[in-house]
Each structure stands twice: as C-alpha cells, then as structure tokens.
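Novice: Below is one structure. I have some questions about it.
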Amino acid sequence: MERNVESGADPGALACFAMSNVPEKPSLEGLEQRWAATWQATNTYAFDPTKSRDEVFSIDTPPPTVSGSLHMGHIFSFTHTDTIARYQRMTGKSVFYPMGWDDNGLPTERRVQNYFGVRCDPSLPYDTGFEPSAREGLGPDGKAFKQQIPISRPNFVELCGELVEQDEKVFESVFRTLGLSVDWSLLYATIDERSRRASQRGFLRNLARGEAYQQEAPSLWDVTFQTAVAQAELEDRDQPSAYHKLRFTLPGLEGEAGSDLLIDTTRPELLPACVAVVAHPSDERYTRYEGMMVTTPVFGVEVPMVFHELADPEKGTGVAMICTFGDTTDVTWWRELDLPARAVIGRTGRFIEDAPDVMSAEAAALYGRMVGKTIHSGKAEIVTMLQEVDAIVGEIRPITHPVKFFEKGDKPLEIVTSRQWYIRNGGRDRELGERLIARGDEMAWHPPYMQSRYTNWIDGLNGDWLISRQRFFGVPIPLWYSLDDNGEPRYAEPIAPHESTLPIDPSTDVPPGFDADQRGKPGGFMGDPDIMDTWATSSLTPQIAAKWEDDPDLFERVYPFDMRPQGHDIIRTWLFATAVRSHFEEDVAPWQHVCISGWILDPDRKKMSKSKGNVVTPIDLLEQFGSDAIRYWAASGRPGTDTAFDEAQMKVGRRLSIKLLNASKFALGMGDLVAALEAPVTEPLDLAMLARLASLVDECTKAFDEFDYARALERTESFFWTFTDDYIELVKNRAYGGRTPEGQASAHAALAIALDTMLRLLAPIIPFATEEVWSWWREGSIHTSQWPSSAPLFSLAGDASPELLAIAGQALSGLRRVKSDAKRKPRTKIVSGSITDSGDRLSALRLAIDDVCDAGAASNLELNEGNEFAVSAALEPDE
RNA sequence: GGGCCGUUAGCUCAGCUGGCUAGAGCGCUCGCCUCACACGCGAGAGGUCACAAGUUCAAGUCUUGUACGGCCCACCA
C-alpha cells in the first residue's frame, strides 16, 4: 500500500523500524478513499454464511428511499447502526449487514416526472424508440417544463429504472465514503426480482390464509395522484375553510307548518350527496323529529333525520348533514346507520356526470351546473344556487381547521368508493390488535419509551391496512380475474399464480388455463390493474434480505433479526407493518432489538427539511470535515434523541481524529511498540492508567451491549483526552529515557497497551483514523480485530489505585497554574515548591512524584499534609 | 382531549441503581511555536440543576403537582 514514507535517509537507527510506517505529518485527508477502497478490495465486512445463528448478528436496515439525495438524517441514523455493527463484528460475530434501496413507489414516479418531464398515461402503447429529450427538469430551451409529455406505462417504468440506477450509485458512494461496514454483496432493491417475488409471495400467502381481502368501500383518495392511500400515510394540515349555515326544511309537527332546520357545514358543495341529517340521540331539540324526513335546499331531496353518538350537540347547530362522503365520520355514519350512497365527487376530484337518482328532473338540471367542476368551483356554484333560493342564513364565516392530506400530496383527500385490497392489521379486530401489541414486548426497545408509540398506534387504528395503489411503478398485485360473458370481471374469484412462477406482472403474464389473446375479452381474463403500496414490500425487508424461500439455509441463520434500526417517525408505518407481516408469516417478532434514532434539527430546533431550505448535502460535509468527524457528531446523538445539526460538534470530532493520529505518532516514535505490548509494566503511574483503562473497557462494553454508542464514545473520549493531556505529559520524559531503563520500558509498554486498546474502543465510531493508525504498526484490519477485554488489563494493573492518575494530573495542573498566573512560559523551571493535600492522596502522589517533577520542570517539591489542596512554587528568575 | 419526551453554565449536552465541593466541549478572557500535534498547548471566568411541595441523615438524581418546549395520536358538521 502506498504511503508517504519518509526516505529513511537518516542513517540513525534500527529503532526507526517501528516508525517506518508513520507519516512525517499525519493527516486525515484522503483516508476515506484509501480505506474504503481497501475494505472493498479485501472484503473486510463480508458476512460469513457458515456461522451458526448464535455466532451471527443480523441487521435489518430500512432501505432508504431513492428519491434524489441522502440527507443528514440518513447519515445520522446509519452511522448509529454502523457503530453497533462494527462493535458486534469485533466481539467475534459474523455481522449480516445488508443494504437495500427502496426504489418503488411514488417518490420515484414523481422524480421521474420532474427529471424527464414526462407523465404516465396507461392508455398509450409502448414506444420502443422513445428517448427522453430533457434532463434535470429542464426543457430543450433550458427552462423548466411547462408541459409533461405523456408516455406509456412500460416507457415510464423504464425511465424509473434508469433514474433509480443512477441515484443508487450515488447513494452507495456516499455510504462507502461515510464508512458504513455494509456487506455490499447483499445489496437488494425493493423493485428487484427477489423483492418482487417475496412481496408477491407474501401477499398470496396472506390471501390464502384470509389475512388479505378485497372490498368495495369508501376510502381516502388523493385526487392528484389518483390513488387510494392508507391511514399510516395521512397527515393533518390546517386549511382555510368557512362555515355556511344552510336552511333545510323540517316537516310540520301535529298540523303545524314546516319550519327551517339550520345546519352549519364547511362543505356545501356536498349538498347533492346528502343522504341524511344527524343529531345526538339525547339532543331533545331534534329527537322529536325521529323517523321524519327533512328536505334539502336547492335540490329538494328528502332525507331522514337520524341519530348517532358521534353527533356533537355543541358543534354548529347540533345537527350535521351526512354526505357520501365529506369525511371519515360520514363514512362511519353511513356504515353504522345503513344509509344509501350518493357519490358526486369522482376520482379526478371533479363532480361526476350523473346526478344522484333520487333527484327530480328539475333538481338534476340544477346539479348539471356543477358537473365537471372542481371541488373549489363547485363550491362557488352551489353557493350561488343556495343564495338564489335564500338558503344561506347569515354570513359565511371563515375558519381554519385541520384537514387530512396524503403526506406526499398537496390537495385535501377526498373519500371515494372503490375496490381495494386490504391486509388485516388489528384495526377492525381487537383481538388481533392485542396480539400485535404483545409482539412489541418481544422486542427490546432502545430507548424503551419508544414502545409506547407502537402500542398507541395500534390502539388508535380504525381500519385495516389498505395496500392497493392505483399507480404504475411498484410491485403488481399478482392476480387475474376471469371475465364473464359480458366482459365483467369476477372479482370474488381471483386467479392466483403458482409461487414458482413469481414474480409476475398480470398486465403481461397470462394466468394458468388462458391464452394471451383472451385478455380483456368476454369469457377471458384481465389482470389486476393495481400495484401494491410501497410498505407492502418494504414490510418484508427481513424476508427479502434473508432471501426467504430462495435460500433457506441463510434464512435460518439470520431470521428473526437481531437488530432493526430506524427513525421514530416510521414506527407507525414501517416498523408496525413489518411486525404485522412477520406475525402472520412466521408467528414471531421480526427483530430482537429495535433501535430508534432521533431527527436532525436545525440550529433553530426545527426539523430540517427541503421545503425549509435548511438542508446541507452530506457529501459536502463529509469532504469538509472528514467522515470520522461527521460520524463523531452523529454518534454524539443519544439513541432516540433529536439532535441539532451542529458544525461545532463536527469540528470537535475532526480534532479528536487528528489528535489520535498525532498521539499515536508520538507513542509509536518511542520504539518497537509491538514488542512493548508484552513487556512488564512496573511504574505506579502506568499501572494506575491501565486500571482506569480496564474500567473504561468495561463501561464501553456494557454501553455497546445496550446499543448506547453515544455513551461508549463519551467515556472513551473523556479518557483519551486525560491520556493525552495528563498521562502522556507526565510520562514523556521517562519514556524518552530520562530516568531508569526500567521506567522507560514500563512507559513504553503502558503506551503500547493503551494505544492498542483505545484504538479498538474508538474503531466503531471513527473507523478511518483508527484503521490508519492500526496500519502503522499492527497486522490486518482493526475492524476484524478483537474487541478489548478488561480482564488482562485488570490483571496487569493489579491492586494499583486508579486514583493516582487524577491526583498526579491535578498536581501537574497546579504547577502549570503557577506559571500561567505569573504569565511565564510553560517550560519555566520551578526551583522549589510545595503541594498540600490529604495524607492519603499525598502517599499516592509520592509514587509518581518524579513524573510530576519532570512534567512540571520542577525540583525540590515538598509534600505537606493539609485539608485543602494547594500548590505553590518559586520560579526561576525571568531573563 | 389522550399518550410520550424534555427543561442542568451564553450555546450543545453528560451526570446509569440518590452521597460532588454539579461536569465536558464549544464560545469567551489571559498566556504559550514546550523535541506527537498552532487543524495545537496551558490556565481562568461562568450554574440558587424550570418552579412548588413531599420522601430521606442526604435529591440535579425518587414521588406528586405546576409552568414552558417538543413529538405522536384524536379532533374535520
């Protein structure tokens, strides 16, 4: 391996042998490329598939979404995982650490649209010659696209694959630069063949066992993406809206004339979809109208007055109109009160052609004024119509209220009735929910309080998991339906492929027993047009990574996984969905340990995000500070804790790495430290340092065993600075041979042992600097070396008091202070002085007094017993 | 409204099962090119541990409550 080796022109000495690998001027620059290449070339992190289950540590990494670029949140949490992987590897485990790319789904579709300026139109035929003419969202004229070119689904999927491949190369490069000890030969992508096979197999098995089912039902629908979405993908956003007080007509009671019934609504445009009005069953203002019909304004449709607990007497006038469908409460009322459906909003978010059939011809004509309009302009139209008949009472009152959005969408969700596939998740089955909650107890949560998010989410579920999506780029639902004589699909009898044929695409593959030319014809068949939700595939990452069914031997050795690292924001989605699948498929929790990372906050304590424009690209930071420095920053963030993006902390990490190089250079300059590793340690100060080191090893081992990389780092770092600032200064003279040969040999041995141990303690956190130093004097990679053991260190230290190092350090500090207060140089000689301290501490200090005198350039130090620690000294005259 | 987390020096945070005279780094002040390191070294200033009550010989550390901040969920008439 090439290195800046000095010429060796110094005719000096054999002693230079040990120095021969140490650069004249150690530096962090270039370590990432050099060592990443070496690790790759020598398969340093290769998983050994012959190891038995108890010798394996397996990690189920959630594949990052390949939608453009990595952000600091990835760097943060992947570093956490990597420190654990490296620790486990050093304890002798064969670490199964695969990487995956989550490349199917909407983010990729959207990125392809923006990048190539296209959109998918499934009705178009495949264009074999299609070449995207534009890149990076710019048209041929260099300006942003005004219009997207429609292309066929196969063309669109091709472009997805092309773009994803480019992105994945960039991702891999960043992760290699960051120093992730991933076994890249285990790489998978959620759209690759193995993932599609596992995903479809998983679904078909859910179907066979009755855990998956289809249903024609109202569900939340994104009108922009034109797909159904699941509960886990929702978020609330505050939106401006307005109360409209509508005048319905109540029937006359006991011969009285009819009267007005006033109803507040924020969605007057859904009036034609009104199927009932609802009040609370104990609300006496309305209970007397039970069983009667009220009349809607404008359309004059008669709807029943119904009663339900969810109607809030305090809200508005205490009575609400039930429309199909304005919100999820409407769906509940509609279902529980067995009301008819009168849909008016179509899948595109516009008013549909056909007026509800309960309308009179006259009403239908009025409805005609809304047909084809968006929700927004439909609302304006109905307000006009209401005003024409004086059916809006008082002012329209603007409000702001939370509205459900698809987390990736920018228009409010509508509720549309459609046929969709679901997987049971306990949302409609309390017993199943309880069993899934119990699965959470089978996992050790780090930090423990994160388990409550899992439990709370299951407790709050209100429906099963909707997994079908009306999109293009993803894993297809692996089913066909036979067509009856009228060409209508028999949805109740789906045709499933045999598992051995997976993966399939029902839009091109032909079901058993049919010919290709029967597609779409009466008596023939059709493929299910939908793809699966991205979570339906990524919930199987343990199975995918472990090569489920494709490699049963591997599966046995890694599943269930030891560790699942992830952010707390995806507990409700990824973690939960994965638990559901493993519960059904393997009847087990998918992991033994769940390690939750926090978020990265910008210095103003806000979550960093692209929209806020406060995102810094990882690669720039890796280059600016060095990978070890960035890893240091990441590893400083305690498990589960949101952490500020802090360049100051990265500088500290860089400083630590550089210091490690320099301190190592000093130690290795002493002579043959490999031989010194076996030499006797005799000096009390050296033994005290080793006693401290032994305790440190225990602390770090315990911390890493508890997945607390941050604690391990903090302890090691703290010791390291004491080591360099106090210990090295104290023994420097002795190590150079300023006292006895025995004292020198003892110092060399202690330096060698301490360096060897500290490098290994730091290796999981700062793999580059430690590997660099390791290469100066040790064989092989530090990352496949053994994690330090405290026992030999305790044995060496014997009954030496670890306190001595601190006592001597304080004495030295006192001597320095005298010089600092006198504004004299640190090397100024102390001609006489005294140290006052307790008897116990003084008797300890006596054991290292020569080292203290040497480090302080002091002679004639008196030790006086007293209550207060104090140092006084007379300095040599100023020149 | 329900749940969870946090509140310790100007800033970012340690402080594990209660025993400290409350620590670190950054920043700040002063000094220093000391033969590993000026991408450095040394010294120093700086805190009634959010507030209140309680348990205890002893509380930053345990209990209860309050305030403030954050996150998740529920709340769409």
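FYI, nothing fancy with the structure tokens labels: chains A, B, ... in order, residues from 1 per chain, ligands from 1 as they appear.
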Write out as number ranges by chain which residues come within 12 Å of C13 of chain B when counting only C-alpha atoms (C1' of nucleotides), dropping same-chain ones fewer than 4 positions away.
Specialist: A: 636-638, 641, 643-644, 646, 649, 710, 714; B: 8-9, 23-26
Novice: Residues of chain A within 8 Å of chain B: nearest atom pair and distance (Å, one decimal) for each, counting only C-alpha atoms (C1' of nucleotides), sorted by chain and number, as a tab-separated table?
Specialist:
residue	atom	partner	partner_atom	distance
A:Ile263	CA	B:A77	C1'	7.6
A:Asp264	CA	B:A77	C1'	6.0
A:Thr265	CA	B:A77	C1'	5.2
A:Thr266	CA	B:A77	C1'	7.2
A:Lys315	CA	B:A77	C1'	7.1
A:Gly316	CA	B:A77	C1'	6.9
A:Val319	CA	B:A77	C1'	7.1
A:Ala320	CA	B:A77	C1'	4.5
A:Met321	CA	B:A77	C1'	6.5
A:Asp327	CA	B:C76	C1'	7.0
A:His401	CA	B:C76	C1'	6.7
A:Pro402	CA	B:C76	C1'	6.1
A:Val403	CA	B:C76	C1'	5.8
A:Lys404	CA	B:C76	C1'	7.9
A:Tyr449	CA	B:C4	C1'	7.2
A:Met450	CA	B:C4	C1'	7.8
A:Ser452	CA	B:C4	C1'	7.0
A:Arg453	CA	B:C72	C1'	6.8
A:Asn456	CA	B:G3	C1'	7.1
A:Trp457	CA	B:C73	C1'	7.1
A:Gly460	CA	B:C73	C1'	7.1
A:Ala644	CA	B:U12	C1'	7.8
A:Asp646	CA	B:U12	C1'	7.9
A:Ala648	CA	B:C26	C1'	6.5
A:Gln649	CA	B:C26	C1'	7.7
A:Val652	CA	B:G25	C1'	7.6
A:Arg655	CA	B:C39	C1'	7.0
A:Ile658	CA	B:C39	C1'	7.5
A:Lys659	CA	B:C37	C1'	6.5
A:Asn662	CA	B:A36	C1'	4.7
A:Ala663	CA	B:A36	C1'	5.1
A:Ser664	CA	B:A36	C1'	7.2
A:Lys665	CA	B:A36	C1'	5.6
A:Phe666	CA	B:A36	C1'	4.1
A:Ala667	CA	B:A36	C1'	7.6
A:Arg816	CA	B:G42	C1'	6.9
A:Arg817	CA	B:A43	C1'	5.6
A:Ser820	CA	B:A43	C1'	5.4
A:Asp821	CA	B:A43	C1'	7.3
A:Lys823	CA	B:G31	C1'	5.7
A:Arg824	CA	B:G31	C1'	7.5
A:Lys825	CA	B:C32	C1'	6.0
A:Pro826	CA	B:U34	C1'	6.5
A:Arg827	CA	B:U34	C1'	5.9
Novice: Considering only strand (DSSP E or B) as DSSP defines it on the backbone, what residues of segment 100-129 of chain A qualify? List them as JSON, numbers by chain.
Specialist: {"A": [100, 101, 102, 118, 119, 120]}
Novice: From a backbone DSSP assignment, name each residue in segment 574-753 of chain A labelled helix (DSSP H, G or I), as a count of residues only.
Specialist: 121
Novice: Mind giving me the straight-line distance from atom CA of Arg201 of chain A to atom CA of Arg471 of chain A in Å, one decimal?
Specialist: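 Spanning atom CA of Arg201 of chain A to atom CA of Arg471 of chain A is a straight-line distance of 20.2 Å.
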Novice: Just want the 6 Å neighbourhood of Asp183 of chain A, counted on only C-alpha atoms (C1' of nucleotides), with same-chain residues fewer than 2 positions away dropped. Output as an NGL selection string.
Specialist: :A and (45-46 or 97-98 or 185-186)
Novice: Quick one: pull the distance between atom C1' of A58 of chain B and atom C1' of G18 of chain B, Å, one decimal.
Specialist: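 Separation of atom C1' of A58 of chain B and atom C1' of G18 of chain B: 8.1 Å.
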Novice: Could you check which of B:A67, B:C35, B:C11, B:C20 is closest to A52 of chain B, using only C-alpha atoms (C1' of nucleotides)?
Specialist: B:A67
Novice: Taking 3 positions as the minimum chain separation for residues in the same chain, which residues sit within 10 Å of Leu847 of chain A when counting only C-alpha atoms (C1' of nucleotides)? Answer as a VMD selection string.
Specialist: chain A and resid 683 to 685 804 808 842 to 844 850 to 852
Novice: Using only C-alpha atoms (C1' of nucleotides) for the distances, tell me which of B:G10, B:U17, B:C33, B:G1 is nearest to C62 of chain B.
Specialist: B:U17
Novice: At what distance in Å, to one decimal, does atom CA of Leu730 of chain A lie from atom CA of Thr836 of chain A?
Specialist: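 Answer for the atom CA of Thr836 of chain A to atom CA of Leu730 of chain A separation: 19.2 Å.
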Novice: If we count only C-alpha atoms (C1' of nucleotides), what is near C68 of chain B at a cut-off of 12 Å, once residues fewer than 6 positions away on the same chain are taken out, given as a PyMOL selection string?
Specialist: chain B and resi 6-7+50-51
Novice: Restricted to N, CA, C and O atoms (P, O5', C5', C4', C3', O3' and C1' of nucleotides), what would the selected residues look like written as an mmCIF file, in the first residue's frame?
Specialist:
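Saved as selection.cif:
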data_model
loop_
_atom_site.group_PDB
_atom_site.id
_atom_site.type_symbol
_atom_site.label_atom_id
_atom_site.label_comp_id
_atom_site.auth_asym_id
_atom_site.auth_seq_id
_atom_site.Cartn_x
_atom_site.Cartn_y
_atom_site.Cartn_z
ATOM 1 P P G B 6 -37.158 12.272 29.459
ATOM 2 O "O5'" G B 6 -36.854 13.810 29.148
ATOM 3 C "C5'" G B 6 -35.763 14.167 28.324
ATOM 4 C "C4'" G B 6 -35.906 15.586 27.853
ATOM 5 C "C3'" G B 6 -35.712 16.678 28.899
ATOM 6 O "O3'" G B 6 -34.346 16.939 29.110
ATOM 7 C "C1'" G B 6 -37.610 17.172 27.599
ATOM 8 P P U B 7 -33.891 17.368 30.600
ATOM 9 O "O5'" U B 7 -34.245 18.925 30.668
ATOM 10 C "C5'" U B 7 -33.635 19.872 29.745
ATOM 11 C "C4'" U B 7 -34.322 21.213 29.951
ATOM 12 C "C3'" U B 7 -34.008 21.868 31.294
ATOM 13 O "O3'" U B 7 -33.423 23.160 31.127
ATOM 14 C "C1'" U B 7 -36.369 21.701 30.922
ATOM 15 P P A B 50 -33.885 22.162 36.551
ATOM 16 O "O5'" A B 50 -34.708 23.531 36.584
ATOM 17 C "C5'" A B 50 -34.227 24.683 35.913
ATOM 18 C "C4'" A B 50 -35.364 25.659 35.840
ATOM 19 C "C3'" A B 50 -36.191 25.739 37.117
ATOM 20 O "O3'" A B 50 -35.643 26.682 38.017
ATOM 21 C "C1'" A B 50 -37.614 25.400 35.258
ATOM 22 P P C B 51 -35.592 26.290 39.605
ATOM 23 O "O5'" C B 51 -37.107 26.520 40.052
ATOM 24 C "C5'" C B 51 -37.719 27.789 39.895
ATOM 25 C "C4'" C B 51 -39.195 27.676 40.186
ATOM 26 C "C3'" C B 51 -39.545 26.983 41.493
ATOM 27 O "O3'" C B 51 -39.429 27.849 42.605
ATOM 28 C "C1'" C B 51 -40.902 26.133 39.767
#
